[in-house]
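J.: See work08.cif below, with mmCIF, C-alpha atoms.
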data_target
#
loop_
_atom_site.group_PDB
_atom_site.id
_atom_site.type_symbol
_atom_site.label_atom_id
_atom_site.label_comp_id
_atom_site.auth_asym_id
_atom_site.auth_seq_id
_atom_site.Cartn_x
_atom_site.Cartn_y
_atom_site.Cartn_z
ATOM 1 C CA MET A 117 0.000 0.000 0.000
ATOM 2 C CA THR A 118 1.587 3.238 -1.131
ATOM 3 C CA LEU A 119 0.721 6.756 -0.031
ATOM 4 C CA LEU A 120 -0.822 7.417 -3.451
ATOM 5 C CA LYS A 121 -3.060 4.329 -3.219
ATOM 6 C CA ALA A 122 -4.094 5.218 0.323
ATOM 7 C CA SER A 123 -4.959 8.779 -0.693
ATOM 8 C CA GLY A 124 -6.975 7.482 -3.654
ATOM 9 C CA ILE A 125 -8.890 5.152 -1.359
ATOM 10 C CA ILE A 126 -9.607 7.996 1.074
ATOM 11 C CA VAL A 127 -10.839 10.202 -1.796
ATOM 12 C CA ALA A 128 -13.092 7.378 -3.026
ATOM 13 C CA ILE A 129 -14.473 6.843 0.495
ATOM 14 C CA ILE A 130 -15.351 10.548 0.693
ATOM 15 C CA GLY A 131 -17.192 10.169 -2.616
ATOM 16 C CA VAL A 132 -19.051 7.111 -1.330
ATOM 17 C CA LEU A 133 -20.131 9.058 1.735
ATOM 18 C CA LEU A 134 -21.424 11.876 -0.478
ATOM 19 C CA VAL A 135 -23.402 9.471 -2.684
ATOM 20 C CA THR A 136 -24.828 7.305 0.084
ATOM 21 C CA THR A 137 -25.629 9.906 2.721
ATOM 22 C CA SER A 138 -27.090 12.782 0.714
ATOM 23 C CA SER A 139 -30.870 12.810 0.881
ATOM 24 C CA ASN A 140 -31.383 16.294 -0.461
ATOM 25 C CA GLN A 141 -29.369 19.055 -2.065
ATOM 26 C CA HIS A 142 -28.695 20.990 1.109
ATOM 27 C CA SER A 143 -27.375 18.599 3.722
ATOM 28 C CA LEU A 144 -25.484 15.428 4.326
ATOM 29 C CA GLN A 145 -26.964 13.048 6.818
ATOM 30 C CA LEU A 146 -24.840 10.404 8.457
ATOM 31 C CA PRO A 147 -27.336 7.786 9.539
ATOM 32 C CA VAL A 148 -26.201 5.266 12.081
ATOM 33 C CA ASN A 149 -28.228 2.121 11.672
ATOM 34 C CA ILE A 150 -27.792 -1.613 11.215
ATOM 35 C CA GLY A 151 -27.761 -1.263 7.421
ATOM 36 C CA TYR A 152 -24.711 0.978 7.432
ATOM 37 C CA LEU A 153 -22.996 -1.245 9.992
ATOM 38 C CA LEU A 154 -23.624 -4.287 7.793
ATOM 39 C CA MET A 155 -22.352 -2.368 4.757
ATOM 40 C CA ILE A 156 -19.087 -1.553 6.543
ATOM 41 C CA LEU A 157 -18.704 -5.152 7.718
ATOM 42 C CA SER A 158 -19.436 -6.364 4.194
ATOM 43 C CA THR A 159 -16.692 -4.137 2.813
ATOM 44 C CA LEU A 160 -14.248 -5.494 5.383
ATOM 45 C CA ASN A 161 -15.326 -9.041 4.557
ATOM 46 C CA TRP A 162 -14.868 -8.414 0.831
ATOM 47 C CA ALA A 163 -11.383 -6.962 1.388
ATOM 48 C CA ILE A 164 -10.366 -10.044 3.385
ATOM 49 C CA TYR A 165 -11.856 -12.311 0.697
ATOM 50 C CA SER A 166 -9.924 -10.525 -2.058
ATOM 51 C CA VAL A 167 -6.611 -10.601 -0.203
ATOM 52 C CA LEU A 168 -7.016 -14.272 0.729
ATOM 53 C CA LEU A 169 -8.037 -15.286 -2.795
ATOM 54 C CA LYS A 170 -4.972 -13.524 -4.195
ATOM 55 C CA LYS A 171 -2.590 -14.737 -1.459
ATOM 56 C CA LEU A 172 -3.695 -18.394 -1.595
ATOM 57 C CA ASP A 173 -2.688 -18.552 -5.283
ATOM 58 C CA ILE A 174 -5.120 -21.386 -6.006
ATOM 59 C CA GLN A 175 -3.985 -23.365 -9.049
ATOM 60 C CA LEU A 176 -7.476 -23.743 -10.486
ATOM 61 C CA PRO A 177 -9.197 -21.700 -13.200
ATOM 62 C CA SER A 178 -11.180 -18.770 -11.817
ATOM 63 C CA LEU A 179 -14.422 -20.298 -13.135
ATOM 64 C CA VAL A 180 -13.835 -23.449 -11.045
ATOM 65 C CA VAL A 181 -12.977 -21.370 -7.970
ATOM 66 C CA THR A 182 -16.192 -19.377 -8.477
ATOM 67 C CA PHE A 183 -18.216 -22.584 -8.808
ATOM 68 C CA TYR A 184 -16.855 -23.978 -5.541
ATOM 69 C CA MET A 185 -17.355 -20.656 -3.788
ATOM 70 C CA CYS A 186 -21.007 -20.528 -4.895
ATOM 71 C CA LEU A 187 -21.466 -24.186 -3.918
ATOM 72 C CA ILE A 188 -20.126 -23.480 -0.432
ATOM 73 C CA GLY A 189 -22.378 -20.412 -0.137
ATOM 74 C CA PHE A 190 -25.401 -22.462 -1.216
ATOM 75 C CA THR A 191 -24.532 -25.198 1.274
ATOM 76 C CA LEU A 192 -24.119 -22.742 4.145
ATOM 77 C CA THR A 193 -27.411 -20.914 3.457
ATOM 78 C CA THR A 194 -29.585 -23.965 2.819
ATOM 79 C CA PRO A 195 -30.142 -24.611 6.577
ATOM 80 C CA PHE A 196 -31.725 -21.135 6.830
ATOM 81 C CA LEU A 197 -34.070 -21.989 3.951
ATOM 82 C CA VAL A 198 -35.035 -25.214 5.717
ATOM 83 C CA ARG A 199 -35.421 -23.587 9.153
ATOM 84 C CA ASN A 200 -37.676 -20.832 7.772
ATOM 85 C CA LYS A 201 -39.596 -23.244 5.504
ATOM 86 C CA GLY A 202 -38.685 -21.120 2.493
ATOM 87 C CA TRP A 203 -39.767 -23.811 0.050
ATOM 88 C CA GLU A 204 -43.395 -23.191 1.057
ATOM 89 C CA ILE A 205 -43.483 -19.779 -0.620
ATOM 90 C CA MET A 206 -41.621 -20.825 -3.777
ATOM 91 C CA PRO A 207 -44.769 -21.910 -5.667
ATOM 92 C CA PHE A 208 -46.280 -18.474 -5.044
ATOM 93 C CA LEU A 209 -43.416 -16.508 -6.618
ATOM 94 C CA THR A 210 -44.381 -14.602 -9.744
ATOM 95 C CA SER A 211 -42.461 -14.856 -13.006
ATOM 96 C CA VAL A 212 -40.918 -11.432 -12.297
ATOM 97 C CA GLU A 213 -39.682 -12.636 -8.894
ATOM 98 C CA TRP A 214 -38.222 -15.772 -10.499
ATOM 99 C CA ALA A 215 -36.499 -13.562 -13.089
ATOM 100 C CA HIS A 216 -35.015 -11.486 -10.262
ATOM 101 C CA LEU A 217 -33.746 -14.621 -8.517
ATOM 102 C CA LEU A 218 -32.292 -15.936 -11.768
ATOM 103 C CA PHE A 219 -30.552 -12.613 -12.418
ATOM 104 C CA LEU A 220 -29.127 -12.576 -8.883
ATOM 105 C CA GLY A 221 -27.965 -16.171 -9.143
ATOM 106 C CA VAL A 222 -26.440 -16.051 -12.612
ATOM 107 C CA PHE A 223 -25.100 -12.534 -12.958
ATOM 108 C CA VAL A 224 -24.598 -11.197 -9.434
ATOM 109 C CA SER A 225 -23.440 -14.410 -7.768
ATOM 110 C CA GLY A 226 -21.931 -16.138 -10.774
ATOM 111 C CA VAL A 227 -20.593 -13.915 -13.521
ATOM 112 C CA ALA A 228 -19.592 -11.026 -11.244
ATOM 113 C CA TYR A 229 -17.626 -13.283 -8.869
ATOM 114 C CA TRP A 230 -15.980 -14.973 -11.849
ATOM 115 C CA TYR A 231 -14.833 -11.649 -13.293
ATOM 116 C CA TRP A 232 -13.624 -10.594 -9.844
ATOM 117 C CA ALA A 233 -11.507 -13.744 -9.601
ATOM 118 C CA LYS A 234 -10.202 -13.146 -13.150
ATOM 119 C CA ALA A 235 -9.212 -9.599 -12.199
ATOM 120 C CA LEU A 236 -7.367 -10.897 -9.135
ATOM 121 C CA GLU A 237 -5.346 -13.146 -11.435
ATOM 122 C CA VAL A 238 -3.808 -10.171 -13.240
ATOM 123 C CA LEU A 239 -3.938 -7.274 -10.732
ATOM 124 C CA GLU A 240 -3.022 -6.705 -7.105
ATOM 125 C CA ALA A 241 -5.802 -7.207 -4.556
ATOM 126 C CA SER A 242 -5.628 -3.531 -3.562
ATOM 127 C CA GLN A 243 -6.098 -2.455 -7.199
ATOM 128 C CA VAL A 244 -9.073 -4.737 -7.717
ATOM 129 C CA SER A 245 -10.702 -3.955 -4.372
ATOM 130 C CA VAL A 246 -10.810 -0.232 -5.033
ATOM 131 C CA PHE A 247 -13.309 -0.880 -7.842
ATOM 132 C CA LEU A 248 -15.883 -1.727 -5.158
ATOM 133 C CA TYR A 249 -16.195 2.009 -4.647
ATOM 134 C CA LEU A 250 -17.825 2.241 -8.082
ATOM 135 C CA GLU A 251 -20.832 0.282 -6.808
ATOM 136 C CA PRO A 252 -22.638 3.372 -5.440
ATOM 137 C CA VAL A 253 -22.081 5.108 -8.793
ATOM 138 C CA ALA A 254 -23.653 2.163 -10.640
ATOM 139 C CA THR A 255 -26.488 2.100 -8.099
ATOM 140 C CA LEU A 256 -27.080 5.827 -8.557
ATOM 141 C CA ILE A 257 -27.211 5.521 -12.351
ATOM 142 C CA THR A 258 -29.515 2.505 -12.140
ATOM 143 C CA ALA A 259 -31.829 4.260 -9.654
ATOM 144 C CA VAL A 260 -32.117 7.260 -11.965
ATOM 145 C CA LEU A 261 -32.748 5.132 -15.074
ATOM 146 C CA LEU A 262 -34.995 2.424 -13.653
ATOM 147 C CA LEU A 263 -36.621 3.987 -10.602
ATOM 148 C CA ARG A 264 -36.826 7.541 -11.983
ATOM 149 C CA GLU A 265 -35.145 8.941 -8.871
ATOM 150 C CA LYS A 266 -34.103 12.579 -8.945
ATOM 151 C CA ILE A 267 -30.535 13.455 -9.750
ATOM 152 C CA ILE A 268 -29.046 15.254 -6.756
ATOM 153 C CA PRO A 269 -25.993 17.453 -7.451
ATOM 154 C CA VAL A 270 -24.259 16.212 -4.280
ATOM 155 C CA SER A 271 -24.592 12.640 -5.556
ATOM 156 C CA ILE A 272 -23.112 13.570 -8.931
ATOM 157 C CA LEU A 273 -20.214 15.289 -7.170
ATOM 158 C CA GLY A 274 -19.743 12.169 -5.016
ATOM 159 C CA GLY A 275 -19.742 9.965 -8.126
ATOM 160 C CA VAL A 276 -17.063 12.095 -9.773
ATOM 161 C CA ILE A 277 -14.994 12.024 -6.564
ATOM 162 C CA ILE A 278 -15.321 8.220 -6.422
ATOM 163 C CA ILE A 279 -14.096 7.873 -10.010
ATOM 164 C CA VAL A 280 -11.149 10.198 -9.354
ATOM 165 C CA GLY A 281 -10.310 8.228 -6.185
ATOM 166 C CA VAL A 282 -10.356 4.927 -8.098
ATOM 167 C CA ILE A 283 -8.118 6.411 -10.801
ATOM 168 C CA VAL A 284 -5.657 7.756 -8.210
ATOM 169 C CA ALA A 285 -5.648 4.513 -6.202
ATOM 170 C CA ASN A 286 -4.792 2.561 -9.341
ATOM 171 C CA GLY A 287 -1.956 4.950 -10.199
ATOM 172 C CA ARG A 288 -3.595 6.078 -13.430
ATOM 173 C CA LEU A 289 -4.086 9.794 -12.756
ATOM 174 C CA LEU A 290 -1.507 10.992 -15.295
ATOM 175 C CA THR A 291 -2.805 8.543 -17.905
ATOM 176 C CA PHE A 292 -6.339 9.796 -17.294
ATOM 177 C CA LEU A 293 -5.291 13.439 -17.537
ATOM 178 C CA ARG A 294 -3.603 12.793 -20.895
ATOM 179 C CA TYR A 295 -6.922 11.747 -22.406
ATOM 180 C CA LEU A 296 -8.918 14.779 -21.286
ATOM 181 C CA PRO A 297 -9.935 17.055 -24.176
ATOM 182 C CA TRP A 298 -8.435 20.134 -22.493
ATOM 183 C CA ARG A 299 -5.267 18.263 -21.492
ATOM 184 C CA ASN A 300 -1.895 19.889 -21.082
ATOM 185 C CA LYS A 301 0.414 18.615 -23.833
ATOM 186 C CA LYS A 302 3.403 18.593 -21.436
ATOM 187 C CA LEU A 303 2.079 15.830 -19.112
#
Rewrite the structure from the file as structure tokens, please.

T.:
Amino acid sequence: MTLLKASGIIVAIIGVLLVTTSSNQHSLQLPVNIGYLLMILSTLNWAIYSVLLKKLDIQLPSLVVTFYMCLIGFTLTTPFLVRNKGWEIMPFLTSVEWAHLLFLGVFVSGVAYWYWAKALEVLEASQVSVFLYLEPVATLITAVLLLREKIIPVSILGGVIIIVGVIVANGRLLTFLRYLPWRNKKL
């Protein structure tokens, strides 16, 4: 972890806070609730997962690793399905709900984890992990497009700050600046 990477991560975190805590144009609210606590713990968990997956240097293709990881996750959550008698409501799910489950299973739990493992094969864990900060930006864009939520200037500013933080953390600031239309030719 270099000073540049750490500063990029801090910048991205500030952007995440702007995106996730702004409820209107005038103020930032820092809610303290179980959801935010779980989000922080999830981020810590994901960082540990990424470092361990990279450090273990498993000699299997990333698709096989992803399959086993999903199999273990399925095995560990099945007792909760049984305990809560989740199979009883399955016949009552609508086709839209089944489509959502299929999307979550295939793309979110399958393809996304596979690409994450592929990225860890070629990049450092710290470089790959910083891309998690782009999740609120993707959520913001999706909420605007699909849910017709209002665009809040503070959220846009936070999204830009997140992107800059990710670029800095990956050591690509000068490369990024070279491609700007108003770039300085001497960079």

J.: Report as a list in words all protein, DNA and RNA residues lying within 12 Å of Leu289 of chain A, evaluated on all atoms listed in the file, omitting residues in the same chain fewer than 6 positions from it.

T.: Leu120, Lys121, Gly124, Ile279, Val280, Gly281, Val282, Ile283, Tyr295, Leu296 and Leu303 of chain A

J.: Filtering to C-alpha atoms, could you give me those residues as a PDB file, keeping the file's coordinate frame?

T.:
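The resulting file, selection.pdb, is reproduced below:
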ATOM      1  CA  LEU A 120      -0.822   7.417  -3.451  1.00  0.00           C
ATOM      2  CA  LYS A 121      -3.060   4.329  -3.219  1.00  0.00           C
ATOM      3  CA  GLY A 124      -6.975   7.482  -3.654  1.00  0.00           C
ATOM      4  CA  ILE A 279     -14.096   7.873 -10.010  1.00  0.00           C
ATOM      5  CA  VAL A 280     -11.149  10.198  -9.354  1.00  0.00           C
ATOM      6  CA  GLY A 281     -10.310   8.228  -6.185  1.00  0.00           C
ATOM      7  CA  VAL A 282     -10.356   4.927  -8.098  1.00  0.00           C
ATOM      8  CA  ILE A 283      -8.118   6.411 -10.801  1.00  0.00           C
ATOM      9  CA  TYR A 295      -6.922  11.747 -22.406  1.00  0.00           C
ATOM     10  CA  LEU A 296      -8.918  14.779 -21.286  1.00  0.00           C
ATOM     11  CA  LEU A 303       2.079  15.830 -19.112  1.00  0.00           C
TER      12      LEU A 303
END

J.: Between A:Val244, A:Leu209, A:Leu169, A:Val270, which has the minimum distance to Leu256 of chain A (counting all atoms listed in the file)?

T.: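 Distance minimum relative to Leu256 of chain A lands on A:Val270.
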
J.: Run through the PyMOL selection byres ((chain A and resi 165) around 12) on the given coordinates and return the selected residues as a PyMOL selection string.

T.: chain A and resi 158-164+166-172+185+229+232-233+236+241-242+244-245

J.: Here's the selection I'm unsure about, the PyMOL selection byres ((chain A and resi 132) around 9); applied to the file above, which residues does it give, as number ranges by chain?

T.: A: 127-131, 133-137, 249-253, 271, 274-275, 277-278

J.: Determine the nearest neighbour of Ala122 of chain A from the options A:Leu157, A:Leu192, A:Val246, A:Val224, counting only C-alpha atoms.

T.: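 With only C-alpha atoms as the atom set, the closest residue is A:Val246.
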
J.: Take atom CA of Ile125 of chain A and atom CA of Asn286 of chain A and report the distance between them in Å, one decimal.

T.: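 Interatomic distance here is 9.3 Å.
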
J.: Quick one: distance from atom CA of Leu217 of chain A to atom CA of Phe183 of chain A in Å, one decimal?

T.: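 So the two atoms, atom CA of Leu217 of chain A and atom CA of Phe183 of chain A, lie 17.5 Å apart.
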
J.: Please compute the atom CA of Phe196 of chain A-atom CA of Val180 of chain A distance, one decimal, in Å.

T.: 25.4 Å
